[in-house]
Amino acid sequence: MTTENFDLLVVGGGKAGKSLAMDLAAAGQRVAMVERGMIGGTCINVACIPTKTLVNSARLLALTRRAAEFGIDATASPAINLELLRTHKEDVVGTMVAGQRKSFLASGMELVIGEAHFAGPRTIEVTDDAGTHRTLSGTNVVVNTGMVPRVPDIAGLLAATPLTSTSILALTELPESIIILGGGYIGCEFASMLAIMGVAVTIIQRGKALLPREDADVSAAVTAALEADGVNVRLGVSAESVSRSNGTVRVSLSDGSTAEAAQILVALGREPVTAGLGLELAGVELTEQGLVQVDEFLRTRAPGVWAAGDVAGTPQFTHASWNDYRILKANLAAASETERRSTRDRLIPYAVFTTPELGRVGLSETEARAAGHDIRVARMSVSSIPRARTVGHLDGIWKAVVERGTDQILGVSLLGHESSEVIAVVQMAMLGKLPYQRLRDAVITHPTTAEGLQLLFSDAFMEP
């Protein structure tokens, strides 16, 4: 079989890979990208875009129910129309996927839809959607295959046909009730959304708190918000076995109790898409978790082979993968080691789109103390922010961690309305190494949510 040679060969069309492929193809390089069929990657098709579209609909439903509070006479009882909701979600996703395909073609890269596996160093064999077998090689190869939901080995779980964060997006009707295994970001987001939509939700969390990366007070505030929406939160227990009978899922728990619902959603993490790729034939090594092993420059042990995004151990956020693309582009063009860009010390924010939502950047209080920092902590209720009053979203807490002596902001946790937007303001201050007083004393538009940062860092809420 004739080998087709490319300057760049990308395996998997995630954010980093597709961005790099389009960029270098537009610059005149010969580029091929192999994708199994999810044009645009996980984010657009089954993650960020569809789920946040649904979150927005849930929030609109919740706000409509409160219309009278805002002086609006809305006598009809609002409810989710799942057919209209699904049409709206698919329109958003479909429009973005079509735009991606158009951008791919316009860049000049070759998009190959099919299954790929490595046949040797920097060489893959692929069977495309027409059944044609091809052998492709690249001067540089990027592995960007991402992750998929993990379904753990719990007795009876597979036989109970559980939903995952991917398959739940294809539901044709809302269940009356659902059990969610896992209280991390995905579990909490779906719990919040589904509860607002009228589903009776139970979260089963093995740990002692939801969102275990967060400080205890922040986690408790998230838990309180979920419980206020009717979510039954079960902490410190795990699923021992699962069964389904007569339309009911029954979960036996580690404390001897049981939970029952019409459906079950598994939100217990994700696993890398590396099995069956033949990476060992390319000289690529994996970590114990099955991730592609890379150095700080995103290089694998195999010359000319790179990896990016979730599969390379990058934090599982699209914006982190986008930064990987920038690092890869710089490093492929670097003439020497001193010109290479590193993944070390990146300040990567994130948001959890519960209602209210959580924005995080930098260290938590727990992490800062564990690292040995001498800190001051600022805390306040979102109800103190004038904007929160005008929009009627008073739930949540804001928290900041500042290094004593240098006055540098080490991290911020913002739980409340529009926190995913405000967190970028703090991130910019941290990147600029501004002391917290610069945010406290800045002239920020009134009344906006970001104005709350002036209050957070004021003497009223900052520890002495």
# chains A, B, ... in the order shown; residues from 1 in each chain; ligands from 1
$ residues_around --residues "A:Leu415" --least-positions-apart "2" --cutoff "8 Å" --atoms "only C-alpha atoms" --output "list in words"
Val218, Val222, Pro356, Glu357, Leu358, Gly359, Val382, Gly396, Ile397, Trp398, Ser413, His417 and Ser419 of chain A
$ write_last_selection --atoms "C-alpha atoms" --output "compact mmCIF listing (two decimals), in the first residue's frame"
# COMPACT_ATOMS: atom_id res chain seq x y z
CA VAL A 218 -17.73 26.45 48.82
CA VAL A 222 -23.07 24.27 46.16
CA PRO A 356 -25.68 29.40 40.63
CA GLU A 357 -22.44 28.78 38.78
CA LEU A 358 -18.94 28.46 40.19
CA GLY A 359 -15.92 30.25 38.73
CA VAL A 382 -23.34 37.44 46.74
CA GLY A 396 -23.87 32.15 46.50
CA ILE A 397 -20.63 33.14 48.16
CA TRP A 398 -17.44 34.77 46.90
CA SER A 413 -13.69 30.98 44.16
CA HIS A 417 -24.68 34.65 39.07
CA SER A 419 -19.28 34.10 38.09
$ select_by_dssp --residues "stretch 52-220 of chain A" --states "strand (DSSP E or B)" --output "ChimeraX atom specification"
/A:110-120,123-128,133-143,147-149,155,163,177-181,200-205
$ write_last_selection --atoms "C-alpha atoms" --output "PDB file, in the first residue's frame"
ATOM      1  CA  GLU A 110      -7.510  17.065   4.161  1.00  0.00           C
ATOM      2  CA  LEU A 111     -10.190  15.766   6.512  1.00  0.00           C
ATOM      3  CA  VAL A 112     -10.235  11.962   6.669  1.00  0.00           C
ATOM      4  CA  ILE A 113     -13.246  10.374   8.374  1.00  0.00           C
ATOM      5  CA  GLY A 114     -12.351   6.920   9.606  1.00  0.00           C
ATOM      6  CA  GLU A 115     -10.684   4.699  12.194  1.00  0.00           C
ATOM      7  CA  ALA A 116      -6.936   5.069  12.603  1.00  0.00           C
ATOM      8  CA  HIS A 117      -4.235   3.025  14.271  1.00  0.00           C
ATOM      9  CA  PHE A 118      -0.486   3.346  14.210  1.00  0.00           C
ATOM     10  CA  ALA A 119       1.476   0.968  12.009  1.00  0.00           C
ATOM     11  CA  GLY A 120       4.940   2.277  12.883  1.00  0.00           C
ATOM     12  CA  THR A 123       2.697   6.282  10.376  1.00  0.00           C
ATOM     13  CA  ILE A 124      -0.963   5.308  10.642  1.00  0.00           C
ATOM     14  CA  GLU A 125      -3.309   3.061   8.759  1.00  0.00           C
ATOM     15  CA  VAL A 126      -6.862   4.311   8.399  1.00  0.00           C
ATOM     16  CA  THR A 127     -10.083   2.908   7.012  1.00  0.00           C
ATOM     17  CA  ASP A 128     -12.191   5.831   5.866  1.00  0.00           C
ATOM     18  CA  HIS A 133      -7.685   1.636   3.349  1.00  0.00           C
ATOM     19  CA  ARG A 134      -4.944   4.248   3.413  1.00  0.00           C
ATOM     20  CA  THR A 135      -1.500   4.587   4.939  1.00  0.00           C
ATOM     21  CA  LEU A 136      -0.548   8.086   6.051  1.00  0.00           C
ATOM     22  CA  SER A 137       2.669   9.413   7.546  1.00  0.00           C
ATOM     23  CA  GLY A 138       3.675  12.782   8.879  1.00  0.00           C
ATOM     24  CA  THR A 139       6.872  14.684   9.474  1.00  0.00           C
ATOM     25  CA  ASN A 140       5.089  15.624  12.679  1.00  0.00           C
ATOM     26  CA  VAL A 141       2.179  13.695  14.206  1.00  0.00           C
ATOM     27  CA  VAL A 142      -0.189  14.991  16.888  1.00  0.00           C
ATOM     28  CA  VAL A 143      -2.354  12.642  18.965  1.00  0.00           C
ATOM     29  CA  MET A 147     -11.530  11.096  26.438  1.00  0.00           C
ATOM     30  CA  VAL A 148     -14.866   9.325  26.793  1.00  0.00           C
ATOM     31  CA  PRO A 149     -17.116   8.756  29.834  1.00  0.00           C
ATOM     32  CA  ALA A 155     -21.960  -5.210  39.677  1.00  0.00           C
ATOM     33  CA  LEU A 163     -26.812   6.937  30.785  1.00  0.00           C
ATOM     34  CA  SER A 177     -36.489  10.521  38.551  1.00  0.00           C
ATOM     35  CA  ILE A 178     -32.793   9.852  38.135  1.00  0.00           C
ATOM     36  CA  ILE A 179     -29.847   8.662  40.225  1.00  0.00           C
ATOM     37  CA  ILE A 180     -26.529  10.331  39.423  1.00  0.00           C
ATOM     38  CA  LEU A 181     -23.410   8.435  40.417  1.00  0.00           C
ATOM     39  CA  ALA A 200     -36.422  14.127  40.993  1.00  0.00           C
ATOM     40  CA  VAL A 201     -32.626  13.848  41.332  1.00  0.00           C
ATOM     41  CA  THR A 202     -30.496  11.851  43.760  1.00  0.00           C
ATOM     42  CA  ILE A 203     -26.715  12.284  43.765  1.00  0.00           C
ATOM     43  CA  ILE A 204     -24.599   9.448  45.147  1.00  0.00           C
ATOM     44  CA  GLN A 205     -21.155  10.726  46.117  1.00  0.00           C
TER      45      GLN A 205
END
$ closest_residue --among "A:Val151, A:Ile444, A:Ala74, A:Leu169" --to "A:Val46" --atoms "only C-alpha atoms"
A:Leu169
$ select_by_dssp --residues "stretch 32-120 of chain A" --states "alpha helix (DSSP H)" --output "PyMOL selection string"
chain A and resi 41-46+48-65+82-107
$ closest_residue --among "A:Met38, A:Cys188, A:Ala262, A:Val11" --to "A:Leu279" --atoms "only C-alpha atoms"
A:Val11
$ residues_around --residues "A:Leu431" --least-positions-apart "2" --cutoff "12 Å" --atoms "only C-alpha atoms" --output "PyMOL selection string"
chain A and resi 345-349+361-362+408-411+424-429+433-435
$ residues_around --residues "A:Ser241" --least-positions-apart "5" --cutoff "7 Å" --atoms "only C-alpha atoms" --output "VMD selection string"
chain A and resid 154 to 157 251 to 252
$ atom_distance --atom1 "atom CA of A:Ala209" --atom2 "atom CA of A:Arg234"
9.3 Å
$ residues_around --residues "stretch 20-31 of chain A" --least-positions-apart "4" --cutoff "7 Å" --atoms "only C-alpha atoms" --output "JSON, numbers by chain"
{"A": [6, 7, 8, 9, 10, 16, 104, 107, 108, 109, 110, 325, 329]}
$ write_last_selection --atoms "N, CA and C atoms" --output "mmCIF file, in the first residue's frame"
data_model
loop_
_atom_site.group_PDB
_atom_site.id
_atom_site.type_symbol
_atom_site.label_atom_id
_atom_site.label_comp_id
_atom_site.auth_asym_id
_atom_site.auth_seq_id
_atom_site.Cartn_x
_atom_site.Cartn_y
_atom_site.Cartn_z
ATOM 1 N N PHE A 6 2.679 13.615 4.659
ATOM 2 C CA PHE A 6 2.179 14.950 5.010
ATOM 3 C C PHE A 6 3.190 15.652 5.911
ATOM 4 N N ASP A 7 3.125 16.972 5.905
ATOM 5 C CA ASP A 7 3.958 17.735 6.841
ATOM 6 C C ASP A 7 3.448 17.551 8.263
ATOM 7 N N LEU A 8 2.111 17.539 8.405
ATOM 8 C CA LEU A 8 1.477 17.360 9.711
ATOM 9 C C LEU A 8 0.338 16.363 9.592
ATOM 10 N N LEU A 9 0.329 15.404 10.489
ATOM 11 C CA LEU A 9 -0.739 14.415 10.551
ATOM 12 C C LEU A 9 -1.346 14.479 11.946
ATOM 13 N N VAL A 10 -2.633 14.777 12.027
ATOM 14 C CA VAL A 10 -3.327 14.908 13.303
ATOM 15 C C VAL A 10 -4.300 13.747 13.455
ATOM 16 N N ALA A 16 -7.311 21.352 20.189
ATOM 17 C CA ALA A 16 -5.908 21.624 19.866
ATOM 18 C C ALA A 16 -5.568 21.137 18.464
ATOM 19 N N PHE A 104 -12.690 23.742 7.907
ATOM 20 C CA PHE A 104 -11.708 22.714 7.572
ATOM 21 C C PHE A 104 -11.382 22.762 6.082
ATOM 22 N N SER A 107 -9.429 25.845 4.890
ATOM 23 C CA SER A 107 -8.018 25.919 5.283
ATOM 24 C C SER A 107 -7.104 25.194 4.310
ATOM 25 N N GLY A 108 -7.664 24.238 3.571
ATOM 26 C CA GLY A 108 -6.853 23.456 2.647
ATOM 27 C C GLY A 108 -6.365 22.141 3.207
ATOM 28 N N MET A 109 -6.694 21.848 4.450
ATOM 29 C CA MET A 109 -6.280 20.562 5.008
ATOM 30 C C MET A 109 -7.178 19.453 4.471
ATOM 31 N N GLU A 110 -6.706 18.215 4.562
ATOM 32 C CA GLU A 110 -7.510 17.065 4.161
ATOM 33 C C GLU A 110 -8.137 16.448 5.407
ATOM 34 N N TYR A 325 -2.792 24.049 21.734
ATOM 35 C CA TYR A 325 -2.589 24.345 20.306
ATOM 36 C C TYR A 325 -1.544 25.446 20.135
ATOM 37 N N LYS A 329 2.004 24.942 18.234
ATOM 38 C CA LYS A 329 2.368 25.750 17.064
ATOM 39 C C LYS A 329 3.723 26.410 17.265
#
